[in-house]
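Text of final-v5.cif (mmCIF, C-alpha atoms) as supplied:
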data_protein
loop_
_atom_site.label_atom_id
_atom_site.label_comp_id
_atom_site.auth_asym_id
_atom_site.auth_seq_id
_atom_site.Cartn_x
_atom_site.Cartn_y
_atom_site.Cartn_z
CA MET W 1 -30.51 -28.47 26.17
CA ALA W 2 -27.71 -28.19 28.72
CA LYS W 3 -26.62 -24.86 30.16
CA LEU W 4 -23.34 -23.64 28.65
CA GLU W 5 -20.39 -21.89 30.25
CA SER W 6 -17.11 -20.49 28.93
CA ARG W 7 -13.62 -20.11 30.35
CA ASN W 8 -9.95 -19.81 29.43
CA TYR W 9 -7.86 -22.84 28.57
CA GLN W 10 -6.70 -25.08 31.41
CA ALA W 11 -4.00 -27.77 31.21
CA GLY W 12 -5.58 -30.98 29.98
CA ASP W 13 -8.28 -29.26 27.92
CA GLU W 14 -6.42 -30.27 24.76
CA TYR W 15 -7.91 -33.77 24.92
CA GLY W 16 -11.45 -32.45 24.86
CA ILE W 17 -10.59 -29.85 22.22
CA ILE W 18 -8.98 -32.47 19.96
CA LYS W 19 -11.91 -34.82 20.39
CA LEU W 20 -14.35 -32.10 19.31
CA TYR W 21 -12.08 -30.87 16.50
CA ASN W 22 -11.70 -34.36 15.02
CA LYS W 23 -15.43 -35.02 15.28
CA ILE W 24 -16.28 -31.86 13.36
CA THR W 25 -13.48 -31.87 10.77
CA GLY W 26 -13.01 -35.60 10.25
CA ARG W 27 -9.27 -35.18 10.82
CA CYS W 28 -7.10 -37.17 13.21
CA ARG W 29 -5.23 -34.42 15.04
CA THR W 30 -2.92 -35.55 17.84
CA VAL W 31 -2.00 -33.95 21.15
CA GLU W 32 1.50 -33.26 19.81
CA GLN W 33 0.10 -31.41 16.79
CA HIS W 34 -2.19 -29.39 19.04
CA ARG W 35 0.66 -28.45 21.37
CA TRP W 36 2.82 -27.28 18.45
CA GLU W 37 0.08 -25.03 17.09
CA TRP W 38 -1.27 -23.62 20.35
CA LEU W 39 1.14 -24.05 23.26
CA ASP W 40 4.67 -24.03 21.80
CA THR W 41 4.56 -20.90 19.62
CA PRO W 42 7.44 -18.37 19.70
CA GLN W 43 5.10 -15.91 21.45
CA GLY W 44 3.98 -18.37 24.12
CA ASN W 45 0.57 -19.96 24.55
CA GLY W 46 -2.18 -18.95 22.19
CA SER W 47 -5.26 -17.25 23.58
CA ILE W 48 -7.62 -20.20 23.97
CA TRP W 49 -11.23 -20.28 25.17
CA VAL W 50 -13.55 -23.25 25.55
CA ILE W 51 -17.30 -23.57 25.86
CA THR W 52 -18.45 -26.35 28.18
CA GLU W 53 -21.67 -27.95 29.33
CA SER W 54 -22.18 -26.95 32.96
CA GLY W 55 -23.19 -30.37 34.21
CA SER W 56 -20.76 -32.74 32.51
CA GLY W 57 -17.96 -30.24 31.84
CA GLU W 58 -17.72 -31.60 28.28
CA ILE W 59 -16.05 -29.21 25.85
CA VAL W 60 -18.57 -28.36 23.14
CA GLY W 61 -16.99 -25.25 21.68
CA HIS W 62 -13.61 -23.64 21.09
CA HIS W 63 -12.19 -20.36 19.85
CA GLY W 64 -8.54 -19.42 19.72
CA LEU W 65 -6.04 -16.80 18.58
CA ILE W 66 -2.55 -17.88 17.54
CA PRO W 67 -0.03 -15.14 18.48
CA ILE W 68 2.23 -14.07 15.60
CA GLN W 69 4.56 -11.09 15.31
CA LEU W 70 3.74 -8.74 12.44
CA ASN W 71 6.10 -6.28 10.81
CA TYR W 72 4.22 -3.06 10.09
CA PHE W 73 6.58 -0.78 8.15
CA CYS W 74 9.46 -1.58 10.55
CA LYS W 75 7.26 -1.56 13.68
CA THR W 76 6.46 -4.83 15.45
CA LEU W 77 2.82 -5.65 16.26
CA LEU W 78 1.27 -8.73 17.82
CA LEU W 79 -1.25 -10.46 15.57
CA GLY W 80 -3.93 -12.81 16.77
CA LYS W 81 -4.88 -15.34 14.09
CA THR W 82 -8.39 -16.74 14.58
CA GLU W 83 -8.30 -20.51 14.35
CA ASN W 84 -10.31 -23.62 15.26
CA THR W 85 -13.60 -21.81 15.74
CA ILE W 86 -15.77 -24.86 16.39
CA LEU W 87 -19.08 -25.71 18.05
CA HIS W 88 -20.70 -29.08 18.66
CA PRO W 89 -23.28 -29.85 15.94
CA LYS W 90 -26.14 -30.03 18.45
CA TYR W 91 -25.71 -26.31 19.20
CA LEU W 92 -25.40 -25.12 15.61
CA GLY W 93 -28.10 -22.74 14.46
CA THR W 94 -28.96 -21.58 17.98
CA GLY W 95 -27.07 -18.28 17.64
CA ILE W 96 -25.34 -18.95 20.94
CA TYR W 97 -21.80 -18.93 19.58
CA PHE W 98 -21.80 -15.24 18.62
CA ILE W 99 -22.40 -14.25 22.24
CA TYR W 100 -19.33 -16.16 23.35
CA GLU W 101 -16.97 -14.90 20.66
CA ARG W 102 -18.03 -11.33 21.43
CA LYS W 103 -16.97 -11.98 25.03
CA PHE W 104 -13.68 -13.58 23.91
CA LEU W 105 -12.99 -10.54 21.72
CA GLN W 106 -13.10 -8.22 24.72
CA GLU W 107 -10.43 -10.32 26.44
CA ALA W 108 -8.30 -10.52 23.27
CA MET W 109 -8.16 -6.72 23.01
CA LYS W 110 -5.95 -6.66 26.10
CA ARG W 111 -3.22 -8.70 24.37
CA PHE W 112 -3.24 -8.08 20.62
CA ASP W 113 -2.73 -5.12 18.30
CA LEU W 114 -4.52 -6.72 15.38
CA LEU W 115 -6.74 -9.76 14.78
CA TYR W 116 -7.15 -11.51 11.45
CA THR W 117 -9.11 -14.30 9.82
CA THR W 118 -7.88 -16.03 6.68
CA PHE W 119 -10.27 -17.32 4.01
CA ALA W 120 -13.32 -15.84 5.75
CA HIS W 121 -16.58 -17.04 4.29
CA GLY W 122 -19.84 -18.60 5.44
CA THR W 123 -20.96 -18.32 9.07
CA PRO W 124 -17.50 -17.55 10.57
CA GLY W 125 -17.08 -14.70 8.09
CA LYS W 126 -20.50 -13.27 8.98
CA ILE W 127 -19.71 -13.48 12.70
CA ARG W 128 -16.38 -11.68 12.29
CA ARG W 129 -17.95 -8.89 10.26
CA LYS W 130 -20.57 -8.39 12.97
CA LEU W 131 -17.71 -8.12 15.46
CA GLY W 132 -16.04 -5.34 13.47
CA TYR W 133 -13.62 -7.22 11.26
CA LYS W 134 -13.21 -5.62 7.82
CA ALA W 135 -12.00 -7.02 4.51
CA VAL W 136 -8.45 -6.24 3.42
CA GLY W 137 -8.82 -8.03 0.11
CA LYS W 138 -9.44 -11.23 -1.79
CA TYR W 139 -6.92 -13.94 -2.55
CA LEU W 140 -5.31 -14.73 -5.86
CA THR W 141 -3.52 -18.00 -6.55
CA TYR W 142 -1.02 -17.58 -9.36
CA ILE W 143 0.08 -20.66 -11.27
CA LYS W 144 2.85 -21.38 -13.76
CA ALA W 145 2.84 -24.64 -15.70
CA THR W 146 5.88 -26.28 -17.29
CA ARG W 147 4.16 -29.02 -19.34
CA ASN W 148 1.48 -28.54 -21.97
CA MET W 149 0.16 -32.03 -21.21
CA TYR W 150 -0.39 -31.07 -17.56
CA LEU W 151 -2.21 -27.89 -18.55
CA LYS W 152 -4.44 -29.74 -21.03
CA LYS W 153 -5.33 -32.29 -18.34
CA ILE W 154 -6.51 -29.53 -15.99
CA MET W 155 -8.54 -27.80 -18.69
CA ASP W 156 -10.17 -31.06 -19.82
CA SER W 157 -11.12 -31.83 -16.23
CA LEU W 158 -12.69 -28.38 -15.86
CA ILE W 159 -14.68 -28.83 -19.07
CA GLU W 160 -15.89 -32.30 -18.01
CA ARG W 161 -17.11 -30.98 -14.65
CA LYS W 162 -18.64 -27.70 -15.79
CA ILE W 163 -20.10 -28.33 -19.26
CA PRO W 164 -22.97 -30.87 -19.48
CA ASN W 165 -23.58 -30.71 -23.25
CA SER W 166 -21.49 -33.39 -25.03
CA THR W 167 -21.21 -31.46 -28.33
CA LEU W 168 -20.12 -28.32 -26.51
CA LYS W 169 -17.58 -30.39 -24.56
CA ILE W 170 -15.90 -31.55 -27.78
CA PHE W 171 -15.81 -28.00 -29.13
CA CYS W 172 -14.40 -26.59 -25.87
CA LYS W 173 -11.69 -29.27 -25.69
CA TYR W 174 -10.63 -28.40 -29.24
CA ILE W 175 -10.45 -24.70 -28.34
CA SER W 176 -8.63 -25.52 -25.10
CA GLN W 177 -5.88 -27.30 -27.05
CA ILE W 178 -5.18 -24.11 -28.99
CA PHE W 179 -5.51 -22.03 -25.84
CA SER W 180 -3.09 -24.28 -23.94
CA TYR W 181 -0.34 -23.66 -26.51
CA LEU W 182 -0.85 -19.91 -26.18
CA LEU W 183 -0.71 -20.20 -22.42
CA MET W 184 2.53 -22.16 -22.57
CA ILE W 185 4.08 -19.27 -24.51
CA PHE W 186 3.11 -16.97 -21.65
CA PHE W 187 4.32 -19.46 -19.02
CA SER W 188 7.74 -19.50 -20.66
CA LYS W 189 8.35 -15.87 -19.62
CA TRP W 190 11.13 -15.12 -17.12
CA GLY W 191 12.51 -11.88 -15.74
CA LYS W 192 16.20 -10.98 -15.79
CA ILE W 193 18.36 -13.00 -13.40
CA ASP W 194 21.64 -12.57 -11.51
CA LYS W 195 23.97 -15.44 -12.40
CA SER W 196 26.30 -14.71 -9.48
CA ILE W 197 23.72 -15.94 -6.93
CA THR W 198 24.25 -19.42 -5.52
CA PHE W 199 21.85 -21.70 -3.65
CA GLU W 200 21.92 -24.22 -0.82
CA VAL W 201 19.28 -26.44 0.73
CA VAL W 202 18.82 -25.81 4.46
CA GLU W 203 17.75 -28.73 6.67
CA ASP W 204 18.41 -27.12 10.06
CA ILE W 205 17.82 -23.40 10.53
CA ASP W 206 20.01 -23.36 13.63
CA THR W 207 23.02 -23.47 11.28
CA ILE W 208 22.07 -20.09 9.78
CA ASP W 209 19.92 -18.52 12.53
CA SER W 210 22.10 -15.43 13.06
CA GLU W 211 22.34 -14.83 9.29
CA ILE W 212 18.56 -15.09 8.91
CA ASP W 213 17.99 -12.65 11.77
CA GLN W 214 20.46 -10.17 10.26
CA PHE W 215 18.75 -10.52 6.87
CA CYS W 216 15.37 -9.97 8.53
CA ASP W 217 16.55 -6.86 10.42
CA ARG W 218 18.07 -5.10 7.44
CA ASN W 219 15.15 -5.82 5.10
CA LYS W 220 12.06 -5.51 7.29
CA GLY W 221 11.39 -1.97 6.08
CA LYS W 222 11.03 -3.12 2.47
CA PHE W 223 7.91 -5.27 2.73
CA GLY W 224 5.22 -3.01 4.21
CA ILE W 225 2.91 -5.23 6.27
CA THR W 226 4.11 -8.80 6.60
CA ILE W 227 5.13 -11.61 8.96
CA ASN W 228 8.19 -10.89 11.11
CA ARG W 229 10.49 -13.56 9.67
CA THR W 230 12.83 -14.22 12.59
CA SER W 231 14.77 -17.48 12.77
CA LYS W 232 12.75 -18.33 15.88
CA TYR W 233 9.48 -17.99 13.99
CA LEU W 234 10.73 -19.91 10.93
CA LYS W 235 12.05 -22.70 13.16
CA TRP W 236 8.59 -23.13 14.72
CA ARG W 237 6.44 -22.54 11.63
CA ILE W 238 8.57 -24.41 9.05
CA PHE W 239 11.27 -26.64 10.50
CA LYS W 240 9.38 -27.95 13.57
CA ASN W 241 6.00 -28.20 11.84
CA PRO W 242 4.52 -31.68 12.53
CA ASN W 243 1.90 -31.36 9.78
CA VAL W 244 3.77 -30.38 6.61
CA LYS W 245 7.19 -31.16 5.12
CA TYR W 246 8.80 -28.08 3.58
CA LYS W 247 11.82 -27.42 1.38
CA PHE W 248 13.94 -24.40 2.30
CA LEU W 249 16.27 -23.00 -0.37
CA LEU W 250 18.71 -20.28 0.68
CA ALA W 251 20.19 -17.74 -1.77
CA ARG W 252 23.65 -16.21 -1.35
CA LYS W 253 25.62 -13.58 -3.22
CA LEU W 254 29.33 -13.19 -2.48
CA GLY W 255 28.75 -15.38 0.57
CA ASN W 256 25.98 -13.19 2.05
CA VAL W 257 22.34 -14.27 2.46
CA VAL W 258 20.20 -12.39 -0.09
CA GLY W 259 16.94 -14.32 0.23
CA TYR W 260 15.21 -17.65 0.44
CA VAL W 261 12.24 -19.59 -0.86
CA ILE W 262 10.07 -22.13 0.97
CA THR W 263 8.02 -24.69 -0.95
CA LYS W 264 5.75 -27.63 -0.21
CA SER W 265 3.97 -30.24 -2.28
CA SER W 266 0.30 -29.71 -3.01
CA ALA W 267 -2.07 -31.73 -0.85
CA THR W 268 -4.36 -32.30 -3.85
CA ASP W 269 -1.99 -32.64 -6.83
CA VAL W 270 1.21 -34.69 -6.79
CA ASN W 271 2.59 -32.81 -9.80
CA ARG W 272 2.17 -29.34 -8.28
CA TYR W 273 4.21 -27.51 -5.65
CA GLU W 274 3.23 -24.39 -3.72
CA ILE W 275 5.52 -21.49 -2.88
CA VAL W 276 4.92 -20.81 0.79
CA ASP W 277 7.25 -17.83 1.07
CA LEU W 278 9.81 -15.96 -1.01
CA VAL W 279 11.74 -12.88 0.12
CA CYS W 280 14.92 -11.25 -1.15
CA GLU W 281 17.47 -8.57 -0.31
CA GLN W 282 16.07 -5.03 -0.50
CA ASN W 283 13.12 -6.49 -2.41
CA ASN W 284 15.36 -6.48 -5.48
CA GLU W 285 13.53 -7.55 -8.64
CA MET W 286 16.48 -9.36 -10.22
CA ILE W 287 17.19 -11.35 -7.05
CA PHE W 288 13.49 -12.23 -6.80
CA ASN W 289 13.51 -13.48 -10.42
CA THR W 290 16.68 -15.49 -9.80
CA ILE W 291 15.31 -17.24 -6.71
CA LEU W 292 12.05 -18.01 -8.52
CA LYS W 293 13.79 -19.50 -11.56
CA ALA W 294 16.14 -21.58 -9.39
CA THR W 295 13.09 -22.95 -7.58
CA PHE W 296 11.58 -24.12 -10.87
CA LYS W 297 14.81 -25.67 -12.05
CA ARG W 298 14.98 -27.86 -8.93
CA LEU W 299 11.29 -28.78 -8.89
CA ILE W 300 11.10 -29.71 -12.58
CA GLY W 301 13.81 -32.28 -11.93
CA ALA W 302 11.47 -33.80 -9.35
CA LYS W 303 8.63 -34.14 -11.92
CA VAL W 304 6.77 -31.08 -10.73
CA TYR W 305 4.80 -29.69 -13.66
CA ALA W 306 3.21 -26.63 -12.06
CA VAL W 307 3.98 -24.21 -9.25
CA SER W 308 1.48 -21.95 -7.46
CA PHE W 309 1.82 -18.84 -5.30
CA THR W 310 -1.06 -17.39 -3.27
CA THR W 311 -1.18 -13.73 -2.28
CA LEU W 312 -3.70 -10.89 -2.00
CA ASP W 313 -5.25 -9.45 -5.15
CA SER W 314 -3.70 -6.04 -5.82
CA ASN W 315 -1.37 -4.31 -8.24
CA ASN W 316 1.57 -4.27 -5.84
CA PHE W 317 5.11 -5.34 -6.70
CA LEU W 318 4.57 -8.96 -5.65
CA ASN W 319 1.62 -9.43 -8.02
CA ARG W 320 3.45 -7.63 -10.83
CA ARG W 321 6.60 -9.71 -10.45
CA LEU W 322 4.69 -12.96 -10.59
CA ILE W 323 3.03 -11.91 -13.85
CA LYS W 324 6.39 -10.79 -15.30
CA ASN W 325 7.73 -14.27 -14.54
CA GLY W 326 4.94 -16.05 -16.39
CA PHE W 327 2.41 -16.70 -13.61
CA LEU W 328 -1.33 -16.39 -14.23
CA PRO W 329 -4.11 -15.88 -11.61
CA VAL W 330 -6.26 -19.01 -11.39
CA GLN W 331 -9.37 -17.29 -10.01
CA LYS W 332 -9.54 -14.80 -12.85
CA ILE W 333 -9.20 -17.56 -15.45
CA ALA W 334 -11.91 -19.58 -13.67
CA THR W 335 -14.20 -16.55 -13.59
CA PHE W 336 -13.68 -16.06 -17.33
CA VAL W 337 -14.50 -19.73 -18.03
CA ARG W 338 -17.65 -19.66 -15.88
CA LYS W 339 -18.80 -16.44 -17.51
CA HIS W 340 -18.26 -17.48 -21.13
CA LEU W 341 -18.57 -21.26 -21.20
CA THR W 342 -21.01 -22.23 -18.44
CA SER W 343 -24.05 -21.01 -16.58
CA ASP W 344 -22.31 -21.73 -13.27
CA ILE W 345 -21.47 -18.42 -11.62
CA SER W 346 -21.49 -19.79 -8.08
CA GLY W 347 -18.53 -19.96 -5.77
CA GLU W 348 -18.10 -17.61 -2.85
CA GLU W 349 -14.71 -15.93 -2.79
CA SER W 350 -12.83 -15.64 0.49
CA ASP W 351 -11.45 -12.49 2.06
CA LEU W 352 -8.69 -11.70 4.48
CA LEU W 353 -10.53 -10.05 7.38
CA VAL W 354 -8.76 -7.83 9.89
CA LYS W 355 -9.82 -6.07 13.08
CA VAL W 356 -7.60 -3.19 14.19
CA ILE W 357 -7.32 -2.96 17.98
CA ASN W 358 -4.29 -0.70 18.42
CA LYS W 359 -5.49 2.68 17.12
CA ASN W 360 -1.93 4.06 16.91
CA PHE W 361 -1.53 2.50 13.46
CA ASN W 362 -2.86 3.76 10.14
CA SER W 363 -6.02 1.80 9.34
CA ILE W 364 -6.01 3.10 5.76
CA LYS W 365 -2.75 1.25 5.11
CA ILE W 366 -3.88 -1.85 6.98
CA TYR W 367 -7.02 -2.18 4.87
CA ASN W 368 -5.12 -1.61 1.60
CA PRO W 369 -4.05 -5.00 0.13
CA ALA W 370 -1.28 -3.31 -1.88
CA CYS W 371 0.51 -2.55 1.43
CA TRP W 372 0.73 -6.24 2.35
CA TYR W 373 3.51 -8.65 1.43
CA TYR W 374 1.18 -11.60 1.84
CA THR W 375 2.30 -15.21 1.43
CA ASP W 376 1.17 -18.58 2.76
CA LEU W 377 3.35 -17.90 5.82
CA PHE W 378 0.31 -16.08 7.26
CA ASN W 379 -1.61 -19.36 7.40
CA GLU W 380 -1.55 -21.90 10.22
CA GLY W 381 0.66 -24.49 8.53
CA ILE W 382 -1.58 -27.51 8.11
CA ASN W 383 -2.76 -29.24 4.94
#
Could you express the structure from this file as structure tokens?
Amino acid sequence: MAKLESRNYQAGDEYGIIKLYNKITGRCRTVEQHRWEWLDTPQGNGSIWVITESGSGEIVGHHGLIPIQLNYFCKTLLLGKTENTILHPKYLGTGIYFIYERKFLQEAMKRFDLLYTTFAHGTPGKIRRKLGYKAVGKYLTYIKATRNMYLKKIMDSLIERKIPNSTLKIFCKYISQIFSYLLMIFFSKWGKIDKSITFEVVEDIDTIDSEIDQFCDRNKGKFGITINRTSKYLKWRIFKNPNVKYKFLLARKLGNVVGYVITKSSATDVNRYEIVDLVCEQNNEMIFNTILKATFKRLIGAKVYAVSFTTLDSNNFLNRRLIKNGFLPVQKIATFVRKHLTSDISGEESDLLVKVINKNFNSIKIYNPACWYYTDLFNEGIN
């Protein structure tokens, strides 16, 4: 087996990185997509390391940290998001990768205040925990359906996949019909709304960049720990994203920006949309409800029969507001079904893992999921 070396990114490495990435993932990433994610971020180049074979110079491993500004109770930190941790299949199982990431971590500590890994499970999750990353919390995906037929289709599919006994299948489908009607009653719930709020679709954030930055500045103390939503960041992450097409709906009251919502279509279900981000003025509950309901009104017209919203599992205001507006947590329903209707209790849940580097910040708050205003904006922006 060839001797391995590691080094920082050099111009031109993207071709070798992409080749390895596509081989391992089966994707077809392009140089342009790589540059957007790693070299053209609002905070400059990501921290990128490669592992090479000493003789040929072939890139056989990669680890990177995407730099993202975090708002920590009005203070700005620099996050490093772990991404594209990959190793050539011929070196898997050797234990060699851990040695390299431990080395990369020491270099990363010079730049970042905080490191995080989304959906940490399997080998990467084990490696991060050994390196001192700790769990903030588990994810919950809330869903709200608008059509009973859509809901019944999902439940029938679950029964077909999880219940082998044909007689039990028939019984469960009968029960699911009754259950689906009860669920639709819950899904019909809405919180109080403000009818004076108006909406506009934004295609180019440059037309409202100063308004977005003013909105961000006056509200950043209301969300605890969250992404710093500057117009510069949103332009890169949403409007210039080469991987995903988003819809951006802006809310105004008396002409002033009071919030927005970002949505995208589901990569696995043509009739479902995902809420990527939703924020509102002073974290006002009525404005939140109004933006949420306006989102549904527009999506239903486009034959969208369900909308989902992923956040961290806690009892904070974001979780409570989703429930008040008729959203239900998918994972908890799935756990109930597995527990009562099947013998299948498998399925590893993923955590948000964080490593605190800057000791000037309160780790107790950082590791408390209720302190986070967590949306899909924390993720890398690819399907």
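Checking W:Ile300, W:Leu20, W:Cys371, W:Ile154 one by one against Asn71 (chain W), counting only C-alpha atoms, you find the shortest gap at W:Cys371.
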Where does the PyMOL selection byres ((chain W and resi 359-369) around 9) land in this file, that is, which residues does it pick, as a PyMOL selection string?
chain W and resi 72+113+134-138+225+312-316+353-354+356-358+370-374
Select all residues near (-11.5, -30.6, 12.9) (cut-off 12 Å, inclusive, file coordinates), counting only C-alpha atoms, and output them as a list of chain:residue names.
W:Ile17, W:Ile18, W:Lys19, W:Leu20, W:Tyr21, W:Asn22, W:Lys23, W:Ile24, W:Thr25, W:Gly26, W:Arg27, W:Cys28, W:Arg29, W:Thr30, W:His34, W:Gly61, W:His62, W:Glu83, W:Asn84, W:Thr85, W:Ile86, W:Leu87, W:His88, W:Ile382, W:Asn383
Select all residues near (-1.6, -36.6, -7.7) (cut-off 12 Å, inclusive, file coordinates), counting only C-alpha atoms, and output them as a ChimeraX atom specification.
/W:150,154,265-273,303-306
Which residue of W:Ser56, W:Ser231, W:Asn283, W:Thr263 approaches Phe309 (chain W) most closely, using only C-alpha atoms
W:Thr263
Export C-alpha atoms of region 232-314 of chain W from the structure just given, as a tab-separated table (two decimals), in the first residue's frame?
chain	number	residue	atom	x	y	z
W	232	LYS	CA	-24.32	38.57	1.32
W	233	TYR	CA	-24.80	35.14	2.87
W	234	LEU	CA	-28.32	34.68	1.44
W	235	LYS	CA	-27.11	35.71	-2.02
W	236	TRP	CA	-24.43	32.99	-1.93
W	237	ARG	CA	-26.40	30.24	-0.15
W	238	ILE	CA	-29.81	30.74	-1.85
W	239	PHE	CA	-29.75	32.94	-4.93
W	240	LYS	CA	-26.39	31.83	-6.41
W	241	ASN	CA	-26.76	28.17	-5.43
W	242	PRO	CA	-26.00	25.99	-8.50
W	243	ASN	CA	-27.52	22.87	-6.93
W	244	VAL	CA	-31.00	23.83	-5.75
W	245	LYS	CA	-33.74	26.17	-6.98
W	246	TYR	CA	-35.37	28.06	-4.12
W	247	LYS	CA	-38.44	30.27	-3.74
W	248	PHE	CA	-38.01	33.40	-1.62
W	249	LEU	CA	-41.16	35.06	-0.27
W	250	LEU	CA	-40.76	38.42	1.47
W	251	ALA	CA	-43.25	39.74	4.05
W	252	ARG	CA	-43.96	43.45	4.56
W	253	LYS	CA	-46.09	45.43	6.98
W	254	LEU	CA	-46.74	49.10	6.27
W	255	GLY	CA	-43.99	48.88	3.66
W	256	ASN	CA	-41.33	47.56	6.06
W	257	VAL	CA	-39.73	44.10	5.84
W	258	VAL	CA	-41.04	41.95	8.72
W	259	GLY	CA	-39.77	38.54	7.62
W	260	TYR	CA	-39.35	36.02	4.86
W	261	VAL	CA	-39.68	32.34	4.05
W	262	ILE	CA	-37.50	30.21	1.77
W	263	THR	CA	-38.83	26.96	0.29
W	264	LYS	CA	-37.67	24.25	-2.09
W	265	SER	CA	-39.24	21.19	-3.65
W	266	SER	CA	-38.47	17.84	-2.08
W	267	ALA	CA	-35.85	15.78	-3.90
W	268	THR	CA	-37.83	12.59	-3.20
W	269	ASP	CA	-41.49	13.65	-3.42
W	270	VAL	CA	-42.91	15.90	-6.15
W	271	ASN	CA	-45.96	16.74	-4.02
W	272	ARG	CA	-43.97	17.94	-1.00
W	273	TYR	CA	-42.08	21.17	-0.37
W	274	GLU	CA	-39.55	21.88	2.38
W	275	ILE	CA	-39.27	25.10	4.36
W	276	VAL	CA	-35.58	25.94	4.32
W	277	ASP	CA	-35.83	29.05	6.49
W	278	LEU	CA	-38.47	31.25	8.10
W	279	VAL	CA	-37.76	34.29	10.27
W	280	CYS	CA	-39.91	37.23	11.33
W	281	GLU	CA	-39.76	40.61	13.03
W	282	GLN	CA	-38.96	40.39	16.76
W	283	ASN	CA	-39.80	36.69	16.54
W	284	ASN	CA	-43.45	37.71	16.70
W	285	GLU	CA	-45.82	34.73	16.85
W	286	MET	CA	-48.60	36.30	14.78
W	287	ILE	CA	-46.19	37.34	12.01
W	288	PHE	CA	-44.69	33.84	12.03
W	289	ASN	CA	-48.18	32.31	11.67
W	290	THR	CA	-49.05	34.72	8.86
W	291	ILE	CA	-45.92	33.94	6.84
W	292	LEU	CA	-46.46	30.21	7.33
W	293	LYS	CA	-50.08	30.33	6.19
W	294	ALA	CA	-49.23	32.49	3.15
W	295	THR	CA	-46.60	29.91	2.20
W	296	PHE	CA	-49.20	27.14	2.21
W	297	LYS	CA	-51.69	29.18	0.23
W	298	ARG	CA	-49.16	29.65	-2.58
W	299	LEU	CA	-47.86	26.07	-2.55
W	300	ILE	CA	-51.29	24.43	-2.55
W	301	GLY	CA	-52.03	26.27	-5.79
W	302	ALA	CA	-48.97	24.54	-7.24
W	303	LYS	CA	-50.32	21.06	-6.28
W	304	VAL	CA	-48.15	20.73	-3.21
W	305	TYR	CA	-49.94	18.46	-0.75
W	306	ALA	CA	-47.49	18.49	2.16
W	307	VAL	CA	-44.89	20.83	3.62
W	308	SER	CA	-42.04	19.87	5.96
W	309	PHE	CA	-39.79	21.83	8.31
W	310	THR	CA	-36.66	20.35	9.92
W	311	THR	CA	-35.26	21.69	13.18
W	312	LEU	CA	-33.70	20.40	16.41
W	313	ASP	CA	-35.84	18.46	18.86
W	314	SER	CA	-36.61	20.68	21.84
